[in-house]
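Colleague: Pasting work-v4.cif below, which is mmCIF, C-alpha atoms.
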data_model
#
loop_
_atom_site.label_atom_id
_atom_site.label_comp_id
_atom_site.auth_asym_id
_atom_site.auth_seq_id
_atom_site.Cartn_x
_atom_site.Cartn_y
_atom_site.Cartn_z
CA MET A 22 0.00 0.00 0.00
CA ASN A 23 3.05 2.30 0.21
CA ASP A 24 3.69 2.31 -3.52
CA PRO A 25 5.86 5.41 -4.13
CA ASP A 26 4.52 5.62 -7.66
CA GLY A 27 0.87 5.50 -6.62
CA LEU A 28 0.16 9.22 -6.61
CA ASP A 29 2.21 9.85 -9.72
CA LEU A 30 0.30 7.10 -11.51
CA TYR A 31 -2.96 8.67 -10.37
CA HIS A 32 -1.82 12.06 -11.73
CA ARG A 33 -0.92 10.53 -15.09
CA THR A 34 -4.20 8.63 -15.28
CA ALA A 35 -6.17 11.80 -14.58
CA MET A 36 -4.36 13.66 -17.35
CA ARG A 37 -5.03 10.80 -19.77
CA ALA A 38 -8.71 10.88 -18.81
CA ALA A 39 -8.85 14.59 -19.63
CA ALA A 40 -7.23 13.92 -23.01
CA GLU A 41 -9.84 11.24 -23.74
CA VAL A 42 -12.67 13.68 -23.03
CA ILE A 43 -11.30 16.19 -25.52
CA ALA A 44 -10.60 13.55 -28.16
CA ALA A 45 -14.19 12.36 -27.93
CA TYR A 46 -15.85 15.78 -28.11
CA SER A 47 -13.78 17.98 -30.41
CA THR A 48 -11.66 16.96 -33.37
CA SER A 49 -10.88 20.60 -34.23
CA PHE A 50 -9.71 21.39 -30.72
CA GLY A 51 -7.75 18.14 -30.68
CA LEU A 52 -5.91 19.25 -33.83
CA ALA A 53 -4.97 22.62 -32.32
CA CYS A 54 -3.98 21.03 -29.02
CA ARG A 55 -1.53 18.70 -30.74
CA LEU A 56 0.33 21.80 -31.94
CA LEU A 57 1.02 22.88 -28.37
CA GLY A 58 4.38 22.11 -26.87
CA PRO A 59 4.56 19.24 -24.36
CA ARG A 60 5.07 21.71 -21.51
CA VAL A 61 1.53 23.03 -21.84
CA ARG A 62 -0.45 20.45 -23.84
CA PRO A 63 -1.72 18.24 -20.97
CA HIS A 64 -2.68 21.28 -18.91
CA VAL A 65 -4.76 22.85 -21.70
CA ARG A 66 -6.49 19.51 -22.17
CA ALA A 67 -7.24 19.45 -18.44
CA VAL A 68 -8.83 22.91 -18.62
CA TYR A 69 -11.01 22.03 -21.58
CA ALA A 70 -12.04 18.66 -20.19
CA LEU A 71 -13.47 20.33 -17.09
CA VAL A 72 -15.18 22.98 -19.23
CA ARG A 73 -16.61 20.32 -21.54
CA VAL A 74 -18.07 18.22 -18.73
CA ALA A 75 -19.71 21.26 -17.12
CA ASP A 76 -21.14 22.29 -20.49
CA GLU A 77 -22.58 18.81 -20.97
CA VAL A 78 -24.33 18.99 -17.60
CA VAL A 79 -26.43 21.93 -18.79
CA ASP A 80 -26.72 21.07 -22.49
CA GLY A 81 -28.74 17.87 -22.42
CA PRO A 82 -27.09 14.71 -21.09
CA ALA A 83 -28.21 15.35 -17.51
CA ALA A 84 -31.80 15.88 -18.62
CA ALA A 85 -31.58 12.84 -20.90
CA ALA A 86 -30.52 10.80 -17.86
CA GLY A 87 -33.75 11.85 -16.14
CA LEU A 88 -32.59 14.78 -14.00
CA ASP A 89 -35.08 17.60 -13.59
CA PRO A 90 -33.84 21.24 -13.58
CA ALA A 91 -33.45 21.32 -9.79
CA ALA A 92 -31.40 18.13 -9.78
CA THR A 93 -29.29 19.40 -12.68
CA ARG A 94 -28.54 22.59 -10.75
CA HIS A 95 -27.54 20.53 -7.74
CA VAL A 96 -25.14 18.46 -9.89
CA LEU A 97 -23.58 21.64 -11.31
CA ASP A 98 -23.28 23.28 -7.90
CA ASP A 99 -21.66 20.14 -6.53
CA PHE A 100 -19.28 20.02 -9.49
CA GLU A 101 -18.17 23.60 -8.81
CA ALA A 102 -17.71 22.98 -5.08
CA HIS A 103 -15.79 19.78 -5.77
CA THR A 104 -13.52 21.63 -8.22
CA LEU A 105 -12.71 24.43 -5.80
CA LEU A 106 -12.06 21.95 -2.99
CA ALA A 107 -9.75 19.92 -5.21
CA ILE A 108 -7.74 23.04 -6.04
CA ASP A 109 -7.29 23.63 -2.31
CA GLU A 110 -6.50 20.03 -1.40
CA GLY A 111 -4.77 18.75 -4.54
CA PHE A 112 -6.88 15.62 -4.88
CA SER A 113 -10.22 14.48 -6.26
CA THR A 114 -11.91 11.13 -6.84
CA ASN A 115 -13.19 12.60 -10.13
CA LEU A 116 -10.33 12.19 -12.62
CA VAL A 117 -11.32 15.20 -14.75
CA VAL A 118 -11.53 17.41 -11.66
CA HIS A 119 -8.23 16.00 -10.38
CA ALA A 120 -6.50 16.82 -13.68
CA PHE A 121 -7.87 20.36 -13.60
CA ALA A 122 -6.83 20.82 -9.98
CA LEU A 123 -3.27 19.76 -10.81
CA THR A 124 -3.21 22.32 -13.59
CA ALA A 125 -4.80 25.04 -11.49
CA ARG A 126 -2.33 24.58 -8.65
CA GLU A 127 0.70 24.55 -10.95
CA CYS A 128 -0.39 27.41 -13.17
CA GLY A 129 -2.17 29.77 -10.80
CA ILE A 130 -5.81 29.32 -11.85
CA GLY A 131 -7.92 30.42 -8.92
CA PRO A 132 -11.55 30.91 -7.88
CA ASP A 133 -11.57 34.32 -9.60
CA LEU A 134 -11.68 32.45 -12.94
CA VAL A 135 -13.44 29.26 -11.88
CA ARG A 136 -16.49 30.88 -10.27
CA PRO A 137 -17.42 33.12 -13.26
CA PHE A 138 -17.25 30.08 -15.52
CA PHE A 139 -19.67 28.09 -13.39
CA ALA A 140 -21.92 31.15 -13.02
CA SER A 141 -22.32 31.20 -16.80
CA MET A 142 -23.06 27.49 -16.89
CA ARG A 143 -25.68 28.05 -14.19
CA ALA A 144 -27.25 30.82 -16.27
CA ASP A 145 -27.97 28.26 -18.98
CA LEU A 146 -30.41 26.60 -16.59
CA ASP A 147 -32.46 29.78 -16.10
CA VAL A 148 -31.90 32.37 -18.82
CA THR A 149 -33.55 31.84 -22.20
CA GLU A 150 -32.89 35.29 -23.70
CA HIS A 151 -30.05 37.69 -22.92
CA ASP A 152 -29.87 41.45 -22.87
CA ASP A 153 -26.57 43.23 -23.51
CA ARG A 154 -25.53 43.16 -19.85
CA SER A 155 -26.32 39.51 -19.21
CA LEU A 156 -24.70 38.51 -22.51
CA ARG A 157 -21.45 40.28 -21.59
CA ARG A 158 -21.47 38.56 -18.22
CA TYR A 159 -22.21 35.19 -19.79
CA VAL A 160 -19.48 35.50 -22.45
CA TYR A 161 -16.94 36.56 -19.84
CA GLY A 162 -17.56 33.49 -17.69
CA SER A 163 -18.09 30.92 -20.42
CA ALA A 164 -15.31 31.99 -22.78
CA GLU A 165 -13.11 34.89 -21.71
CA ALA A 166 -12.35 33.35 -18.31
CA VAL A 167 -11.43 30.09 -20.06
CA GLY A 168 -9.06 32.03 -22.31
CA LEU A 169 -7.46 33.54 -19.22
CA MET A 170 -7.12 30.06 -17.69
CA CYS A 171 -5.25 28.95 -20.80
CA LEU A 172 -3.08 32.03 -20.62
CA GLN A 173 -2.13 31.09 -17.06
CA VAL A 174 -1.07 27.71 -18.42
CA PHE A 175 0.95 29.30 -21.22
CA ARG A 176 2.87 31.49 -18.79
CA ASN A 177 3.34 29.21 -15.81
CA ALA A 178 3.28 25.50 -16.73
CA GLY A 179 6.53 23.80 -15.77
CA ARG A 180 8.01 26.94 -14.26
CA PRO A 181 8.59 28.00 -10.67
CA GLY A 182 6.03 30.38 -9.26
CA THR A 183 2.93 31.78 -10.92
CA ASP A 184 2.15 35.23 -12.25
CA ARG A 185 -0.37 37.00 -14.43
CA ALA A 186 0.13 38.07 -18.02
CA ASP A 187 0.42 41.74 -18.77
CA PRO A 188 -2.86 43.52 -19.58
CA LEU A 189 -2.30 43.59 -23.35
CA ILE A 190 -1.93 39.82 -23.64
CA SER A 191 -4.78 39.24 -21.20
CA GLU A 192 -7.01 41.45 -23.33
CA GLY A 193 -6.05 39.43 -26.40
CA ALA A 194 -6.95 36.17 -24.63
CA ARG A 195 -10.30 37.55 -23.56
CA ARG A 196 -11.17 38.84 -27.02
CA LEU A 197 -10.17 35.58 -28.67
CA GLY A 198 -12.41 33.69 -26.25
CA ALA A 199 -15.28 36.10 -26.91
CA ALA A 200 -14.90 35.72 -30.68
CA PHE A 201 -14.90 31.93 -30.39
CA GLN A 202 -18.04 32.00 -28.26
CA GLU A 203 -20.00 34.34 -30.49
CA ILE A 204 -19.05 32.35 -33.58
CA ASN A 205 -20.41 29.26 -31.86
CA PHE A 206 -23.58 31.15 -30.90
CA LEU A 207 -24.18 31.93 -34.58
CA ARG A 208 -23.29 28.41 -35.74
CA ASP A 209 -25.53 26.76 -33.14
CA ALA A 210 -28.40 29.27 -33.14
CA ASP A 211 -30.96 26.86 -34.57
CA HIS A 212 -30.00 24.04 -32.18
CA ASP A 213 -29.91 26.39 -29.18
CA ARG A 214 -33.33 27.78 -30.02
CA THR A 215 -35.19 24.61 -30.99
CA ARG A 216 -33.53 22.03 -28.72
CA LEU A 217 -32.40 24.03 -25.69
CA GLY A 218 -34.84 26.95 -25.73
CA ARG A 219 -32.09 29.58 -25.63
CA ASP A 220 -31.41 32.69 -27.69
CA TYR A 221 -28.06 34.23 -26.86
CA LEU A 222 -27.77 36.96 -29.50
CA GLY A 223 -31.33 37.81 -30.53
CA VAL A 224 -30.42 38.15 -34.21
CA ASP A 225 -33.06 35.88 -35.77
CA ASP A 226 -34.70 37.66 -38.73
CA ALA A 227 -32.50 40.70 -38.03
CA PRO A 228 -29.77 40.85 -40.71
CA ASP A 229 -28.37 44.15 -39.44
CA ALA A 230 -27.98 42.78 -35.91
CA ARG A 231 -26.33 39.63 -37.24
CA ALA A 232 -23.93 41.71 -39.33
CA ALA A 233 -23.09 43.81 -36.25
CA VAL A 234 -22.20 40.66 -34.31
CA LEU A 235 -19.96 39.50 -37.17
CA ASP A 236 -18.29 42.92 -37.25
CA ARG A 237 -17.60 42.62 -33.52
CA ILE A 238 -16.18 39.14 -34.03
CA ASP A 239 -13.86 40.44 -36.74
CA ARG A 240 -12.59 43.21 -34.46
CA ASP A 241 -11.97 40.74 -31.65
CA LEU A 242 -10.14 38.36 -33.97
CA ARG A 243 -7.90 41.16 -35.26
CA ALA A 244 -7.05 42.30 -31.73
CA ALA A 245 -6.32 38.73 -30.63
CA ARG A 246 -4.15 37.99 -33.65
CA ALA A 247 -1.88 40.94 -32.82
CA CYS A 248 -1.08 39.31 -29.46
CA ILE A 249 -0.12 35.86 -30.77
CA PRO A 250 3.57 36.78 -31.34
CA LEU A 251 3.73 37.83 -27.67
CA LEU A 252 2.88 34.34 -26.42
CA PRO A 253 5.52 31.78 -25.42
CA LYS A 254 6.98 30.06 -28.47
CA ASP A 255 5.54 26.64 -27.66
CA CYS A 256 1.99 28.04 -27.68
CA ARG A 257 1.91 30.26 -30.77
CA ARG A 258 1.27 27.64 -33.45
CA ALA A 259 -1.71 26.14 -31.64
CA VAL A 260 -3.30 29.51 -30.90
CA ALA A 261 -2.69 30.63 -34.48
CA ALA A 262 -4.32 27.44 -35.78
CA ALA A 263 -7.38 27.91 -33.56
CA HIS A 264 -7.56 31.57 -34.59
CA GLY A 265 -7.31 30.62 -38.26
CA LEU A 266 -10.03 28.01 -37.97
CA PHE A 267 -12.49 30.39 -36.31
CA ALA A 268 -11.61 33.22 -38.70
CA ALA A 269 -12.52 30.85 -41.54
CA LEU A 270 -15.80 30.05 -39.78
CA ALA A 271 -16.52 33.77 -39.46
CA VAL A 272 -16.08 34.14 -43.23
CA ARG A 273 -18.42 31.21 -43.83
CA LEU A 274 -21.00 32.74 -41.50
CA ARG A 275 -21.03 35.93 -43.57
CA GLU A 276 -21.65 33.88 -46.69
CA ASP A 277 -24.29 31.65 -45.10
CA ASP A 278 -28.02 32.34 -44.99
CA GLY A 279 -28.18 31.29 -41.34
CA THR A 280 -30.17 28.11 -41.93
CA GLY A 281 -27.41 25.56 -41.37
CA ARG A 282 -24.40 24.92 -39.16
CA VAL A 283 -21.38 26.11 -41.11
CA ARG A 284 -18.22 24.03 -41.06
CA VAL A 285 -14.66 24.24 -42.32
CA SER A 286 -13.64 21.40 -44.61
CA ASN A 287 -10.84 19.02 -43.64
CA TRP A 288 -8.86 20.37 -46.61
CA ARG A 289 -9.20 23.91 -45.29
CA LYS A 290 -8.19 22.79 -41.80
CA ALA A 291 -5.05 21.21 -43.29
CA VAL A 292 -4.20 24.48 -45.05
CA ILE A 293 -4.65 26.43 -41.82
CA ALA A 294 -2.43 23.97 -39.94
CA ALA A 295 0.25 24.29 -42.60
CA ARG A 296 0.19 28.08 -42.52
CA VAL A 297 0.85 28.28 -38.80
CA SER A 298 4.44 27.24 -39.46
CA LEU A 299 4.87 30.86 -40.59
CA VAL A 300 3.79 32.31 -37.23
CA PRO A 301 6.55 34.74 -36.14
CA SER A 302 8.71 33.51 -33.28
CA GLN A 303 11.14 36.35 -32.74
CA ARG A 304 9.26 37.75 -29.74
CA GLY A 305 7.78 36.37 -26.58
CA GLY A 306 8.95 33.84 -24.02
CA ALA A 307 10.94 30.76 -24.84
CA ALA A 308 9.39 27.34 -24.70
#
Please express the file's structure as structure tokens.

Modeller:
Amino acid sequence: MNDPDGLDLYHRTAMRAAAEVIAAYSTSFGLACRLLGPRVRPHVRAVYALVRVADEVVDGPAAAAGLDPAATRHVLDDFEAHTLLAIDEGFSTNLVVHAFALTARECGIGPDLVRPFFASMRADLDVTEHDDRSLRRYVYGSAEAVGLMCLQVFRNAGRPGTDRADPLISEGARRLGAAFQEINFLRDADHDRTRLGRDYLGVDDAPDARAAVLDRIDRDLRAARACIPLLPKDCRRAVAAAHGLFAALAVRLREDDGTGRVRVSNWRKAVIAARVSLVPSQRGGAA
């Protein structure tokens, strides 16, 4: 029972479990993640595995398993409490939570980012239509805070101590997260409305409003792109690939009539992945 490798094996198993979650749910994210350097790759997977599981709690599987809204809220609240406790204690019986806690403790991800994320997930249980204020709050928690978690990983994984990125890079991470989220809102609008009863943007039958959202996405993508060369070298290619994929989706959304879920072809994804080899590397931290 005193196996010196027991805890290390548990750590490794938790990280593999997080990788399996991402592989199952997102081929595009899996492609971008493989472009990350080994210093940061398992930690980014751990962040997104936790985010993915929480998203699934509110997006259907819990209800499909027979949970009513009150029970679903209880599961989500318990998930948040369990995550925060695991960050404090460094251990969880939930492998996805354990992987995230390892990452949070090493990279300096605290309750100030975790709580807004879960608040946005909780809003999905109650809010069916957003006004400007609630939308900004929702996007911050569900996307911008996740971008800031990843930025903590980029800066601190495998290094002594933890610190925060400077405001310019943090702003770029937030705007990239916001652009990703709003692109997904537009792509999933029909599903969100008909299957989940939610309307995030309120742009149905309002071409001018839809165009304004796409203009905002383009501004956010431009601002985020300017910050990519400031990231550590072992993160730039992956972030550039993700940026390129969502920029291509934004173009498709402008061309689309809004009746289907736009996608980027595998050929286009391969072109984007090839282009990231040209991402400048003369600035920013070393890998």

Colleague: Just give me the gap between atom CA of Val61 of chain A and atom CA of Asp98 of chain A in Å, one decimal is fine.

Modeller: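 Distance reported for this atom pair: 28.5 Å.
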
Colleague: Kindly provide, as a list in words, the polymer residues lying within 6 Å of (-13.5, 36.9, -38.6), counting all atoms listed in the file and using the coordinates exactly as they appear in the file.

Modeller: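 Answer for this query, in the requested form: Ile238, Asp239, Leu242, Ala268, Ala271 and Val272 of chain A.
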
Colleague: Once you have the residues from the selection above, write them out as a short mmCIF file (atom, residue, chain, number, x, y, z; two decimals), in the coordinates of the input, restricted to C-alpha atoms.

Modeller:
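The result, stored in result.cif:
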data_model
loop_
_atom_site.label_atom_id
_atom_site.label_comp_id
_atom_site.auth_asym_id
_atom_site.auth_seq_id
_atom_site.Cartn_x
_atom_site.Cartn_y
_atom_site.Cartn_z
CA ILE A 238 -16.18 39.14 -34.03
CA ASP A 239 -13.86 40.44 -36.74
CA LEU A 242 -10.14 38.36 -33.97
CA ALA A 268 -11.61 33.22 -38.70
CA ALA A 271 -16.52 33.77 -39.46
CA VAL A 272 -16.08 34.14 -43.23
#

Colleague: Applied to the shown file, which residues does the PyMOL selection byres ((chain A and resi 43) around 10) return, written as a list in words?

Modeller: Ala38, Ala39, Ala40, Glu41, Val42, Ala44, Ala45, Tyr46, Ser47, Thr48, Ser49, Phe50, Gly51, Cys54, Arg66, Ala67, Val68, Tyr69, Ala70, Leu71, Arg73 and Val74 of chain A

Colleague: Under the PyMOL selection byres ((chain A and resi 207) around 12), which residues of this model are included? Write them out as a short mmCIF file (atom, residue, chain, number, x, y, z; two decimals) with C-alpha atoms, in the coordinates of the input.

Modeller:
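Here's the written file part_36.cif:
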data_model
loop_
_atom_site.label_atom_id
_atom_site.label_comp_id
_atom_site.auth_asym_id
_atom_site.auth_seq_id
_atom_site.Cartn_x
_atom_site.Cartn_y
_atom_site.Cartn_z
CA ALA A 200 -14.90 35.72 -30.68
CA PHE A 201 -14.90 31.93 -30.39
CA GLN A 202 -18.04 32.00 -28.26
CA GLU A 203 -20.00 34.34 -30.49
CA ILE A 204 -19.05 32.35 -33.58
CA ASN A 205 -20.41 29.26 -31.86
CA PHE A 206 -23.58 31.15 -30.90
CA ARG A 208 -23.29 28.41 -35.74
CA ASP A 209 -25.53 26.76 -33.14
CA ALA A 210 -28.40 29.27 -33.14
CA ASP A 211 -30.96 26.86 -34.57
CA HIS A 212 -30.00 24.04 -32.18
CA ASP A 213 -29.91 26.39 -29.18
CA ARG A 214 -33.33 27.78 -30.02
CA ASP A 220 -31.41 32.69 -27.69
CA TYR A 221 -28.06 34.23 -26.86
CA LEU A 222 -27.77 36.96 -29.50
CA GLY A 223 -31.33 37.81 -30.53
CA VAL A 224 -30.42 38.15 -34.21
CA ASP A 225 -33.06 35.88 -35.77
CA ALA A 230 -27.98 42.78 -35.91
CA ARG A 231 -26.33 39.63 -37.24
CA ALA A 232 -23.93 41.71 -39.33
CA VAL A 234 -22.20 40.66 -34.31
CA LEU A 235 -19.96 39.50 -37.17
CA ILE A 238 -16.18 39.14 -34.03
CA PHE A 267 -12.49 30.39 -36.31
CA LEU A 270 -15.80 30.05 -39.78
CA ALA A 271 -16.52 33.77 -39.46
CA ARG A 273 -18.42 31.21 -43.83
CA LEU A 274 -21.00 32.74 -41.50
CA ARG A 275 -21.03 35.93 -43.57
CA ASP A 277 -24.29 31.65 -45.10
CA ASP A 278 -28.02 32.34 -44.99
CA GLY A 279 -28.18 31.29 -41.34
CA THR A 280 -30.17 28.11 -41.93
CA GLY A 281 -27.41 25.56 -41.37
CA ARG A 282 -24.40 24.92 -39.16
CA VAL A 283 -21.38 26.11 -41.11
CA ARG A 284 -18.22 24.03 -41.06
#

Colleague: Could you tell me, as a list of chain:residue names, exactly which residues end up selected when the PyMOL selection byres ((chain A and resi 56) around 9) is applied to this structure?

Modeller: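 When the PyMOL selection byres ((chain A and resi 56) around 9) is applied to the shown file, the picked residues are A:Gly51, A:Leu52, A:Ala53, A:Cys54, A:Arg55, A:Leu57, A:Gly58, A:Arg62, A:Asp255, A:Cys256, A:Arg257, A:Arg258, A:Ala259, A:Val260, A:Ala262, A:Ala294.
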
Colleague: Residues within 12 Å of segment 90-97 of chain A, please, as a ChimeraX atom specification. Count all atoms listed in the file; anything in the same chain fewer than 3 positions from it doesn't count.

Modeller: /A:71-72,74-87,100-104,136,138-147

Colleague: Rank A:Ile130, A:Ala178, A:Ser191, A:Gly198 by their smallest atom-to-atom distance to Tyr159 of chain A, using all atoms listed in the file, and report the top residue only.

Modeller: A:Gly198

Colleague: Between A:Val65, A:Ile293, A:Leu106, A:Cys248, which has the minimum distance to Asn177 of chain A (counting all atoms listed in the file)?

Modeller: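 Of A:Val65, A:Ile293, A:Leu106, A:Cys248, the one nearest Asn177 of chain A is A:Val65, counting all atoms listed in the file.
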
Colleague: Excluding His64 of chain A and its own-chain neighbours fewer than 4 positions away, which residues fall within 9 Å of it when counting all atoms listed in the file? Please give them as JSON, numbers by chain.

Modeller: {"A": [36, 60, 68, 69, 120, 121, 123, 124, 125, 128, 171, 174, 178]}

Colleague: So how far away is atom CA of Arg196 of chain A from atom CA of Ala245 of chain A, in Å?

Modeller: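 Distance reported for this atom pair: 6.0 Å.
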
Colleague: Calculate how many Å separate atom CA of Pro253 of chain A from atom CA of Tyr161 of chain A, rounding to one decimal.

Modeller: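 Distance between the two atoms: 23.6 Å.
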
Colleague: Counting all atoms listed in the file, which residue out of A:Lys254, A:Lys290, A:Arg216, A:His32 sits closest to Phe175 of chain A?

Modeller: A:Lys254
